[in-house]
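As provided, run.txt (compact mmCIF, C-alpha atoms) reads as follows.
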```txt
# COMPACT_ATOMS: atom_id res chain seq x y z
CA MET A 1 88.22 149.62 60.61
CA SER A 2 85.83 146.66 60.24
CA ALA A 3 82.10 146.83 60.95
CA GLU A 4 82.50 144.28 63.77
CA LEU A 5 85.19 146.35 65.47
CA LEU A 6 82.98 149.44 65.23
CA GLY A 7 80.18 147.38 66.75
CA LEU A 8 82.42 146.30 69.62
CA ILE A 9 83.44 149.90 70.33
CA ALA A 10 79.77 150.96 70.24
CA ILE A 11 78.85 148.20 72.71
CA ILE A 12 81.59 149.24 75.12
CA GLY A 13 80.39 152.83 74.88
CA ILE A 14 76.74 151.98 75.51
CA ALA A 15 77.70 149.55 78.30
CA LEU A 16 79.50 152.36 80.08
CA ALA A 17 76.47 154.59 79.42
CA PHE A 18 74.32 151.92 81.09
CA ASP A 19 76.78 151.87 83.98
CA TYR A 20 76.43 155.65 84.26
CA THR A 21 72.62 155.46 84.31
CA ASN A 22 72.93 152.68 86.87
CA GLY A 23 74.97 155.05 89.02
CA PHE A 24 72.49 157.92 89.03
CA HIS A 25 69.49 155.54 89.08
CA ASP A 26 70.79 153.53 92.02
CA ALA A 27 72.74 156.22 93.90
CA ALA A 28 69.67 156.51 96.10
CA ASN A 29 70.12 152.91 97.24
CA ALA A 30 73.21 153.76 99.23
CA ILE A 31 72.52 157.24 100.53
CA ALA A 32 68.78 157.96 100.63
CA THR A 33 68.43 156.84 104.23
CA ALA A 34 71.50 158.79 105.38
CA ILE A 35 70.20 161.96 103.71
CA SER A 36 66.63 161.54 104.95
CA THR A 37 67.84 161.21 108.56
CA ARG A 38 70.24 164.15 108.05
CA ALA A 39 73.28 162.04 108.82
CA LEU A 40 74.89 163.47 105.67
CA THR A 41 74.23 166.40 103.37
CA PRO A 42 73.29 165.40 99.81
CA ARG A 43 76.58 166.68 98.33
CA ALA A 44 78.73 164.92 100.94
CA ALA A 45 76.70 161.72 100.62
CA LEU A 46 77.03 161.65 96.83
CA ALA A 47 80.79 162.25 96.97
CA MET A 48 81.22 159.52 99.57
CA ALA A 49 79.07 157.09 97.61
CA ALA A 50 81.00 157.77 94.39
CA VAL A 51 84.33 156.95 96.07
CA ALA A 52 82.93 153.81 97.73
CA ASN A 53 81.38 152.70 94.42
CA LEU A 54 84.79 153.06 92.77
CA ALA A 55 86.47 150.93 95.43
CA GLY A 56 83.80 148.23 95.34
CA ALA A 57 83.89 148.01 91.56
CA VAL A 58 87.56 147.04 91.29
CA ILE A 59 87.87 144.55 94.15
CA ALA A 60 86.23 141.41 92.72
CA GLU A 61 84.95 139.87 89.49
CA GLY A 62 82.81 136.84 90.45
CA VAL A 63 79.52 138.53 89.62
CA ALA A 64 80.96 139.77 86.31
CA LYS A 65 81.79 136.21 85.27
CA THR A 66 78.29 135.05 86.19
CA VAL A 67 76.66 137.78 84.07
CA GLY A 68 79.05 137.24 81.16
CA ASP A 69 78.90 133.47 81.03
CA GLY A 70 76.01 132.25 83.18
CA ILE A 71 72.86 133.71 81.57
CA ILE A 72 73.16 133.44 77.76
CA SER A 73 75.51 132.15 75.10
CA ALA A 74 75.73 134.78 72.40
CA PRO A 75 76.43 133.71 68.81
CA SER A 76 79.79 134.78 67.49
CA GLY A 77 80.38 137.64 65.10
CA SER A 78 77.97 140.38 64.09
CA HIS A 79 74.83 138.61 65.33
CA GLY A 80 76.29 138.29 68.81
CA LEU A 81 77.41 141.92 68.91
CA VAL A 82 73.96 143.15 67.84
CA LEU A 83 72.44 140.89 70.53
CA VAL A 84 74.58 142.42 73.28
CA PHE A 85 73.92 145.94 71.99
CA SER A 86 70.16 145.31 71.96
CA ALA A 87 70.27 143.95 75.52
CA LEU A 88 71.89 147.14 76.74
CA VAL A 89 69.34 149.31 74.92
CA GLY A 90 66.53 147.40 76.63
CA ALA A 91 68.11 147.82 80.05
CA ILE A 92 68.86 151.53 79.60
CA THR A 93 65.35 152.24 78.32
CA TRP A 94 63.73 150.64 81.36
CA ASN A 95 66.18 152.40 83.69
CA LEU A 96 65.24 155.78 82.25
CA ILE A 97 61.50 155.08 82.40
CA THR A 98 61.57 154.06 86.05
CA TRP A 99 63.96 156.90 86.93
CA TYR A 100 61.54 159.40 85.35
CA PHE A 101 58.67 158.11 87.50
CA GLY A 102 60.85 157.87 90.62
CA LEU A 103 60.51 154.10 90.96
CA PRO A 104 63.47 152.23 92.49
CA SER A 105 63.44 149.31 90.07
CA SER A 106 66.36 146.97 89.55
CA SER A 107 69.10 147.80 87.03
CA THR A 108 70.31 144.23 87.56
CA HIS A 109 67.06 142.69 86.42
CA ALA A 110 66.73 145.21 83.59
CA LEU A 111 70.09 144.00 82.28
CA VAL A 112 69.15 140.33 82.71
CA GLY A 113 65.82 140.95 80.97
CA GLY A 114 67.61 142.71 78.13
CA LEU A 115 70.03 139.80 77.67
CA VAL A 116 67.25 137.20 77.72
CA GLY A 117 64.97 139.16 75.36
CA ALA A 118 67.69 139.85 72.84
CA ALA A 119 68.91 136.24 72.99
CA LEU A 120 65.41 134.91 72.32
CA ALA A 121 64.97 137.29 69.38
CA ALA A 122 68.36 136.26 67.98
CA SER A 123 67.73 132.54 68.48
CA GLY A 124 70.59 132.59 70.96
CA ASP A 125 71.02 130.15 73.80
CA VAL A 126 69.38 131.27 77.05
CA LYS A 127 70.80 129.28 79.96
CA TRP A 128 67.49 128.88 81.77
CA SER A 129 69.00 126.94 84.66
CA GLY A 130 71.44 129.80 85.18
CA VAL A 131 68.65 132.37 84.97
CA PHE A 132 66.64 130.45 87.58
CA ASP A 133 69.49 129.58 89.95
CA LYS A 134 71.50 132.79 89.67
CA VAL A 135 68.80 135.40 89.07
CA VAL A 136 65.27 134.29 89.97
CA VAL A 137 66.07 132.50 93.24
CA PRO A 138 68.29 135.32 94.57
CA MET A 139 65.68 137.84 93.34
CA VAL A 140 63.08 136.23 95.60
CA ILE A 141 65.27 135.33 98.56
CA SER A 142 67.44 138.44 98.98
CA PRO A 143 64.54 140.86 99.72
CA LEU A 144 63.05 138.38 102.22
CA ILE A 145 66.40 138.05 103.97
CA GLY A 146 66.86 141.83 103.89
CA PHE A 147 63.43 142.39 105.44
CA GLY A 148 63.86 139.73 108.13
CA LEU A 149 67.41 140.61 109.17
CA ALA A 150 66.70 144.35 109.28
CA TYR A 151 63.63 143.69 111.44
CA LEU A 152 65.66 141.52 113.84
CA LEU A 153 68.60 143.95 113.95
CA MET A 154 66.28 146.83 114.70
CA LEU A 155 64.61 144.84 117.49
CA ALA A 156 68.07 144.18 118.95
CA ILE A 157 68.91 147.90 118.77
CA LEU A 158 65.63 148.84 120.46
CA TRP A 159 66.25 146.32 123.24
CA GLY A 160 69.94 147.12 123.68
CA PHE A 161 69.41 150.89 123.86
CA ARG A 162 66.08 150.92 125.68
CA ARG A 163 67.52 152.55 128.82
CA ARG A 164 69.85 154.98 127.02
CA ASN A 165 69.21 158.67 126.57
CA ALA A 166 67.10 158.97 123.40
CA HIS A 167 68.78 162.16 122.16
CA ARG A 168 72.30 160.77 122.59
CA THR A 169 71.30 157.48 120.99
CA THR A 170 69.87 159.25 117.94
CA ARG A 171 72.96 161.42 117.61
CA GLY A 172 75.23 158.36 117.87
CA PHE A 173 73.36 156.43 115.21
CA ARG A 174 73.37 159.47 112.93
CA ARG A 175 77.18 159.31 113.06
CA ALA A 176 77.14 155.53 112.64
CA GLN A 177 75.08 155.97 109.51
CA ILE A 178 78.06 157.53 107.77
CA ALA A 179 79.84 154.18 108.05
CA SER A 180 76.77 152.12 107.14
CA ALA A 181 76.02 154.30 104.11
CA MET A 182 79.62 153.91 102.95
CA ALA A 183 79.35 150.13 103.39
CA MET A 184 76.16 150.13 101.34
CA ALA A 185 77.77 152.22 98.57
CA PHE A 186 80.75 149.83 98.51
CA GLY A 187 78.32 146.93 98.10
CA HIS A 188 76.60 148.76 95.26
CA GLY A 189 79.89 149.09 93.38
CA LEU A 190 80.74 145.48 94.22
CA GLN A 191 77.49 144.25 92.67
CA ASP A 192 76.30 146.67 90.02
CA ALA A 193 79.56 147.73 88.34
CA GLN A 194 80.49 144.07 87.92
CA LYS A 195 77.36 143.46 85.86
CA THR A 196 78.50 145.99 83.28
CA MET A 197 81.95 144.42 83.30
CA GLY A 198 80.33 141.06 82.56
CA VAL A 199 78.52 142.46 79.52
CA ILE A 200 81.69 144.07 78.15
CA VAL A 201 83.61 140.81 78.60
CA LEU A 202 80.75 138.95 76.85
CA ALA A 203 81.15 141.35 73.91
CA LEU A 204 84.93 140.83 73.87
CA VAL A 205 84.49 137.05 73.82
CA THR A 206 81.81 137.31 71.10
CA TYR A 207 84.12 139.51 69.01
CA GLY A 208 86.95 137.03 69.51
CA SER A 209 89.48 139.27 71.25
CA GLN A 210 89.66 136.97 74.30
CA ASP A 211 88.71 133.37 75.11
CA GLY A 212 87.84 133.28 78.81
CA PHE A 213 85.64 135.46 80.99
CA ASP A 214 88.36 136.97 83.17
CA VAL A 215 87.88 140.74 83.47
CA PRO A 216 90.75 142.87 82.11
CA LEU A 217 91.94 145.70 84.34
CA TRP A 218 90.93 148.38 81.84
CA VAL A 219 87.35 147.05 81.88
CA LYS A 220 87.28 147.20 85.70
CA LEU A 221 88.60 150.75 85.78
CA SER A 222 86.27 151.97 83.02
CA ALA A 223 83.17 150.50 84.64
CA ALA A 224 84.22 151.78 88.06
CA ALA A 225 84.71 155.31 86.73
CA ALA A 226 81.37 155.30 84.88
CA ILE A 227 79.29 154.13 87.84
CA SER A 228 81.07 156.55 90.16
CA ALA A 229 80.40 159.47 87.82
CA GLY A 230 76.76 158.46 87.59
CA THR A 231 76.48 158.16 91.35
CA TYR A 232 77.87 161.65 91.86
CA THR A 233 75.24 162.97 89.44
CA GLY A 234 72.68 161.61 91.89
CA GLY A 235 69.08 160.49 91.76
CA ALA A 236 66.89 162.88 93.72
CA ARG A 237 63.58 161.42 92.50
CA ILE A 238 64.34 157.92 93.77
CA MET A 239 65.95 159.24 96.96
CA ARG A 240 62.61 160.77 97.91
CA THR A 241 60.83 157.45 97.38
CA LEU A 242 63.32 155.40 99.40
CA GLY A 243 64.08 157.98 102.07
CA ARG A 244 60.62 159.29 102.89
CA ARG A 245 57.72 157.82 100.93
CA ILE A 246 58.07 154.22 102.17
CA ILE A 247 58.46 155.26 105.82
CA GLU A 248 59.82 158.20 107.77
CA LEU A 249 63.17 156.86 108.94
CA ASP A 250 65.10 157.80 112.05
CA PRO A 251 68.90 157.25 112.36
CA PRO A 252 68.72 153.87 114.19
CA ARG A 253 66.38 152.44 111.55
CA GLY A 254 68.47 153.92 108.75
CA PHE A 255 71.56 152.30 110.24
CA ALA A 256 69.80 148.93 110.60
CA ALA A 257 68.56 149.01 106.99
CA GLU A 258 71.92 149.99 105.49
CA THR A 259 73.94 147.55 107.58
CA THR A 260 71.65 144.66 106.71
CA ALA A 261 71.56 145.49 103.00
CA ALA A 262 75.35 145.82 102.84
CA GLY A 263 75.75 142.42 104.50
CA VAL A 264 73.45 140.78 101.94
CA LEU A 265 75.34 142.40 99.04
CA TYR A 266 78.74 141.29 100.36
CA THR A 267 77.57 137.71 100.93
CA THR A 268 76.00 137.31 97.49
CA ALA A 269 79.03 138.83 95.74
CA PHE A 270 81.92 137.22 97.64
CA VAL A 271 80.40 133.87 98.67
CA PHE A 272 77.89 133.00 95.93
CA ALA A 273 78.98 135.28 93.04
CA VAL A 274 75.35 135.90 92.04
CA PRO A 275 73.92 139.22 90.83
CA VAL A 276 71.30 140.55 93.23
CA SER A 277 69.45 143.82 93.13
CA THR A 278 70.78 146.52 95.43
CA THR A 279 67.41 148.22 94.98
CA HIS A 280 65.39 145.23 96.14
CA THR A 281 67.74 144.61 99.03
CA ILE A 282 67.78 148.12 100.53
CA THR A 283 64.06 148.68 99.94
CA SER A 284 63.09 145.50 101.74
CA ALA A 285 65.54 146.30 104.54
CA ILE A 286 63.94 149.74 104.95
CA MET A 287 60.55 148.05 105.21
CA GLY A 288 61.88 145.55 107.75
CA ALA A 289 63.46 148.20 109.96
CA GLY A 290 60.36 150.38 109.68
CA ALA A 291 57.99 147.55 110.57
CA THR A 292 59.41 147.45 114.10
CA ARG A 293 57.64 150.73 114.75
CA ARG A 294 54.33 149.20 113.70
CA LEU A 295 53.26 147.52 110.50
CA SER A 296 51.00 150.43 109.62
CA ALA A 297 54.02 152.76 109.71
CA VAL A 298 55.15 151.29 106.38
CA ARG A 299 53.28 152.85 103.49
CA TRP A 300 52.29 149.60 101.86
CA GLY A 301 50.61 151.34 98.92
CA VAL A 302 53.96 152.78 97.85
CA ALA A 303 55.56 149.40 98.53
CA ARG A 304 53.03 147.68 96.22
CA THR A 305 53.86 150.13 93.42
CA ILE A 306 57.56 149.37 93.85
CA VAL A 307 56.92 145.61 93.83
CA ALA A 308 54.87 145.98 90.63
CA ALA A 309 57.86 147.72 89.00
CA TRP A 310 60.08 144.86 90.17
CA VAL A 311 57.78 142.25 88.60
CA LEU A 312 57.59 144.14 85.31
CA THR A 313 61.32 144.85 84.99
CA ILE A 314 62.60 141.63 83.41
CA PRO A 315 59.76 141.17 80.87
CA ALA A 316 59.62 144.90 80.00
CA ALA A 317 63.37 145.16 79.38
CA ALA A 318 63.23 141.86 77.47
CA LEU A 319 60.50 143.16 75.15
CA VAL A 320 62.39 146.39 74.40
CA ALA A 321 65.61 144.48 73.75
CA ALA A 322 63.88 141.94 71.50
CA ALA A 323 62.17 144.67 69.48
CA PHE A 324 65.43 146.59 69.09
CA TYR A 325 67.22 143.43 67.96
CA GLU A 326 64.59 142.76 65.30
CA VAL A 327 64.90 146.30 63.94
CA SER A 328 68.71 146.25 64.11
CA ALA A 329 68.90 142.87 62.40
CA LEU A 330 66.89 144.20 59.46
CA VAL A 331 69.18 147.22 59.11
CA LEU A 332 72.60 145.83 60.00
CA LEU A 333 72.66 142.11 59.31
```

Please re-express this file's structure in structure tokens.
Amino acid sequence: MSAELLGLIAIIGIALAFDYTNGFHDAANAIATAISTRALTPRAALAMAAVANLAGAVIAEGVAKTVGDGIISAPSGSHGLVLVFSALVGAITWNLITWYFGLPSSSTHALVGGLVGAALAASGDVKWSGVFDKVVVPMVISPLIGFGLAYLLMLAILWGFRRRNAHRTTRGFRRAQIASAMAMAFGHGLQDAQKTMGVIVLALVTYGSQDGFDVPLWVKLSAAAAISAGTYTGGARIMRTLGRRIIELDPPRGFAAETTAAGVLYTTAFVFAVPVSTTHTITSAIMGAGATRRLSAVRWGVARTIVAAWVLTIPAAALVAAAFYEVSALVLL
């Protein structure tokens, strides 16, 4: 077995490990609000999210093609394989750091940062126009849209149910949250599992085992299984941050946040095929829905800490990936 083939196998393994960490890191995105409002028990919510992640992961591949072909051009052969491997190490490292501190940072941007950092270290081609158009612009716009639409949807709910019995309304939205949480989990699989697929396909193209960036079925199924397993493992630390530390949610606001975030994820995946952060989207939607109570109800200090983690994600993951590439190049190349 050649060294390059061993490298390809190692990359596929670590890509699926990244997908797994993405699952337990971002499981909170889909179900924190449903758990915090007691719409679902943690075990039921995790099982539901794992199934919905699996379904979302196998239904499309537009985002995977964008990640595989729209951000960097990896050199062929061993250098390219080490580049991809280093990018994944950078992303996983940042995921684990933010998970440890309970910060809902973006696995998407950790992966993008890893790819860019490793490509710069390897003198690879970073497609800066693709990074700007397909990563930076959606990174800025999607949270703003999530905040604004969740705010407006929650205002509509408050107006539409203003004369209804409060207890019955709360109970009804608690049930509705089961559907909205499932929609959010489906969107998470639709977005985040595809990013891992894109990296695996990039490695396959770099190795030379395929020419185009179409995603083979076995890659879809492997990534879907890994992210689902990670989701079922759960992410209690981040759930507490999203579900309670930003704002105390009630079922109507939880429903508004999840429904809005799911809509943003579906639109960006199916219409624009751009990778957006499920973390950014649901967090901003929670803030938007919560702001209808009063602006002071949102714990802006916690929100500032989360935003700081967002800003740091791409450069931090890029630095780790670049450093790992330099070390690996000395040892392996």

Give me, as a list in words, all polymer residues having an atom no more than 7 Å from Ala193 in chain A, counting only C-alpha atoms and skipping those fewer than 2 positions away in the same chain.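 Result of the neighbour search: Asp19, Ala57, Gly189, Leu190, Gln191, Lys195, Thr196, Met197, Ala223, Ala224 and Ile227 of chain A.
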
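Going from CA of Tyr207 in chain A to CA of Ala119 in chain A covers 16.1 Å.
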
Between A:Val137, A:Ala185, A:Ala309, A:Ala150, which one has atoms that come closest to Trp99 in chain A, using only C-alpha atoms?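 Under the stated criterion, the closest residue is A:Ala309.
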
Pick from A:Val84, A:Ala3, A:Ala181, A:Val205: nearest to Val112 in chain A, with only C-alpha atoms counted? A:Val84

Selection: 9 Å around range 42-44 of chain A, only C-alpha atoms, excl. self and same-chain fewer than 6 positions, as a compact mmCIF listing (two decimals) with C-alpha atoms, in the coordinates of the input:
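Result file result_24.txt:
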```
# COMPACT_ATOMS: atom_id res chain seq x y z
CA ILE A 31 72.52 157.24 100.53
CA ALA A 32 68.78 157.96 100.63
CA ALA A 34 71.50 158.79 105.38
CA ILE A 35 70.20 161.96 103.71
CA TYR A 232 77.87 161.65 91.86
CA GLY A 234 72.68 161.61 91.89
```

Set the distance at 9 Å and use all atoms listed in the file: which residues neighbour Tyr20 in chain A once local chain neighbours fewer than 2 positions away are removed? I'd like the list as a list in words.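 Answer for this query is Ala15, Leu16, Ala17, Phe18, Asn22, Gly23, Phe24, His25, Ala223, Ala225, Ala226, Ile227, Ser228, Ala229, Gly230 and Thr231 of chain A.
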
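As for CA of Met287 in chain A and CA of Ala257 in chain A, they are spaced 8.3 Å apart.
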
What separation in Å, quoted to one decimal, exists between CA of Ser277 in chain A and CA of Val264 in chain A? 10.1 Å

Calculated over only C-alpha atoms, which of the candidates A:Ala45, A:Val140, A:Leu330, A:Ile71 has the smallest distance to Gly113 in chain A?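 Closest candidate: A:Ile71.
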
Excluding Leu40 in chain A and its own-chain neighbours fewer than 3 positions away, which residues fall within 12 Å of it when counting only C-alpha atoms? Please give them as an NGL selection string. :A and (30-37 or 43-49 or 173-182 or 251 or 254)
